[in-house]
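One structure is given here, and the rest of the page talks about it.
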Amino acid sequence: MKQTYGVNQEIQATVAGVEHRTLVTIPQGSIISMIGPVGEGPELEVLWDGQTVRMFACDLTARATAITAKKPKATAASGGNTNPTPPKSEGNAATARDAPVKVRRFTASGREL
């Protein structure tokens, strides 16, 4: 099962290309899913916005919070409600998810494309 995280601060990551890597910024409010570590190094592969990106593990722990999915507990009295009510949206979380994402891309020399 993949662990899902909510990004609290912008995180720099790279998208692995065929010939080179492209630097991207994962904006605050994004949702990312852990794929796993990259070899023996300090990097992790995560799924963000439909693409696989690599970031440092220390950035993930410092700038993101794990999202835990709570399973409803079935009790004998409730008969195991199979149609639970959906969670209520909190604040403007829905509008932050719907906002367009600006991805900043950089060349190998550090210039923004």
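For the structure tokens, the naming scheme is as follows: chains receive sequential letters (A, B, ...) according to their order of presentation, residues are indexed from 1 within each chain, and ligands are indexed from 1 in presentation order.
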
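If you count only C-alpha atoms and ignore residues fewer than 2 places along the chain from Thr61 (chain A), what sits within 12 Å of it is Tyr5, Gly6, Val7, Asn8, Gln9, Ile11, Met34, Pro42, Glu43, Leu44, Met55, Phe56, Ala57, Cys58, Asp59, Arg63, Ala64, Thr65 and Ala66 of chain A.
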
Legend entry - Shell of 10 Å around Ala108 (chain A), only C-alpha atoms, local chain residues under 5 positions omitted, as a list of chain:residue names: A:His20, A:Arg21, A:Thr22, A:Leu23

Residues from the last selection, all heavy atoms, saved as a JSON list (two decimals), in the first residue's frame:
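So the final result, stored in out02.json, reads:
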[["chain", "number", "residue", "atom", "x", "y", "z"],
["A", 20, "HIS", "N", 18.47, 13.62, -19.58],
["A", 20, "HIS", "CA", 18.78, 14.54, -18.49],
["A", 20, "HIS", "C", 17.60, 14.58, -17.52],
["A", 20, "HIS", "O", 16.54, 14.07, -17.79],
["A", 20, "HIS", "CB", 19.06, 15.93, -19.04],
["A", 20, "HIS", "CG", 17.87, 16.54, -19.72],
["A", 20, "HIS", "ND1", 17.49, 16.20, -21.00],
["A", 20, "HIS", "CD2", 16.95, 17.44, -19.28],
["A", 20, "HIS", "CE1", 16.40, 16.88, -21.32],
["A", 20, "HIS", "NE2", 16.05, 17.63, -20.30],
["A", 21, "ARG", "N", 17.83, 15.22, -16.38],
["A", 21, "ARG", "CA", 16.79, 15.42, -15.39],
["A", 21, "ARG", "C", 16.28, 16.85, -15.49],
["A", 21, "ARG", "O", 17.03, 17.76, -15.79],
["A", 21, "ARG", "CB", 17.32, 15.19, -13.98],
["A", 21, "ARG", "CG", 17.60, 13.75, -13.67],
["A", 21, "ARG", "CD", 18.03, 13.63, -12.24],
["A", 21, "ARG", "NE", 18.20, 12.25, -11.87],
["A", 21, "ARG", "CZ", 18.37, 11.85, -10.62],
["A", 21, "ARG", "NH1", 18.40, 12.74, -9.65],
["A", 21, "ARG", "NH2", 18.51, 10.60, -10.35],
["A", 22, "THR", "N", 15.00, 17.03, -15.17],
["A", 22, "THR", "CA", 14.40, 18.36, -15.17],
["A", 22, "THR", "C", 13.98, 18.68, -13.75],
["A", 22, "THR", "O", 13.28, 17.89, -13.11],
["A", 22, "THR", "CB", 13.18, 18.39, -16.10],
["A", 22, "THR", "OG1", 13.58, 17.98, -17.41],
["A", 22, "THR", "CG2", 12.60, 19.78, -16.18],
["A", 23, "LEU", "N", 14.37, 19.84, -13.25],
["A", 23, "LEU", "CA", 14.03, 20.27, -11.90],
["A", 23, "LEU", "C", 12.61, 20.82, -11.90],
["A", 23, "LEU", "O", 12.25, 21.63, -12.76],
["A", 23, "LEU", "CB", 15.01, 21.33, -11.42],
["A", 23, "LEU", "CG", 14.90, 21.78, -9.98],
["A", 23, "LEU", "CD1", 15.23, 20.63, -9.05],
["A", 23, "LEU", "CD2", 15.83, 22.94, -9.72]]

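With only C-alpha atoms as the basis for measurement, A:Glu10 is the residue among A:Arg105, A:Glu10, A:Gly110, A:Leu60 that approaches Ile26 (chain A) most closely.
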
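Here CA of Thr25 (chain A) stands at a distance of 13.2 Å from CA of Val46 (chain A).
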
Inset, instruction - Could you tell me, as number ranges by chain, which residues of region 4-52 of chain A DSSP assigns to strand (DSSP E) when given the backbone? - result: A: 4-7, 11-16, 21-26, 31-37, 43-48, 51-52

Go ahead and write the selection's residues with C-alpha atoms as a JSON list (two decimals), in the first residue's frame.
[["chain", "number", "residue", "atom", "x", "y", "z"],
["A", 4, "THR", "CA", 0.26, 9.36, 0.78],
["A", 5, "TYR", "CA", 1.60, 12.73, 1.92],
["A", 6, "GLY", "CA", 0.33, 16.31, 1.90],
["A", 7, "VAL", "CA", 2.97, 18.90, 1.02],
["A", 11, "ILE", "CA", 9.66, 20.80, -2.44],
["A", 12, "GLN", "CA", 12.28, 20.73, -5.18],
["A", 13, "ALA", "CA", 12.31, 17.47, -7.12],
["A", 14, "THR", "CA", 13.59, 16.12, -10.43],
["A", 15, "VAL", "CA", 11.80, 14.37, -13.25],
["A", 16, "ALA", "CA", 14.03, 11.69, -14.70],
["A", 21, "ARG", "CA", 16.79, 15.42, -15.39],
["A", 22, "THR", "CA", 14.40, 18.36, -15.17],
["A", 23, "LEU", "CA", 14.03, 20.27, -11.90],
["A", 24, "VAL", "CA", 10.43, 20.87, -10.81],
["A", 25, "THR", "CA", 8.83, 22.52, -7.80],
["A", 26, "ILE", "CA", 6.06, 20.62, -6.05],
["A", 31, "ILE", "CA", -0.70, 15.37, -2.66],
["A", 32, "ILE", "CA", 2.12, 12.91, -3.37],
["A", 33, "SER", "CA", 2.34, 9.12, -3.04],
["A", 34, "MET", "CA", 5.50, 7.28, -2.06],
["A", 35, "ILE", "CA", 6.77, 4.74, -4.59],
["A", 36, "GLY", "CA", 9.99, 3.81, -2.78],
["A", 37, "PRO", "CA", 13.69, 4.50, -2.30],
["A", 43, "GLU", "CA", 16.54, 9.81, -2.80],
["A", 44, "LEU", "CA", 12.94, 8.65, -2.97],
["A", 45, "GLU", "CA", 10.65, 8.17, -5.94],
["A", 46, "VAL", "CA", 7.18, 9.63, -5.51],
["A", 47, "LEU", "CA", 4.14, 10.00, -7.73],
["A", 48, "TRP", "CA", 3.03, 13.60, -8.17],
["A", 51, "GLN", "CA", 4.45, 11.67, -13.08],
["A", 52, "THR", "CA", 7.25, 9.95, -11.20]]

Legend entry - Point-to-point distance from CA of Glu112 (chain A) to CA of Gly29 (chain A), Å rounded to tenths: 22.6 Å

Inset, instruction - Rounded to one decimal place, report the CA of Asp49 (chain A)-CA of Ser30 (chain A) distance in Å. - result: 8.4 Å
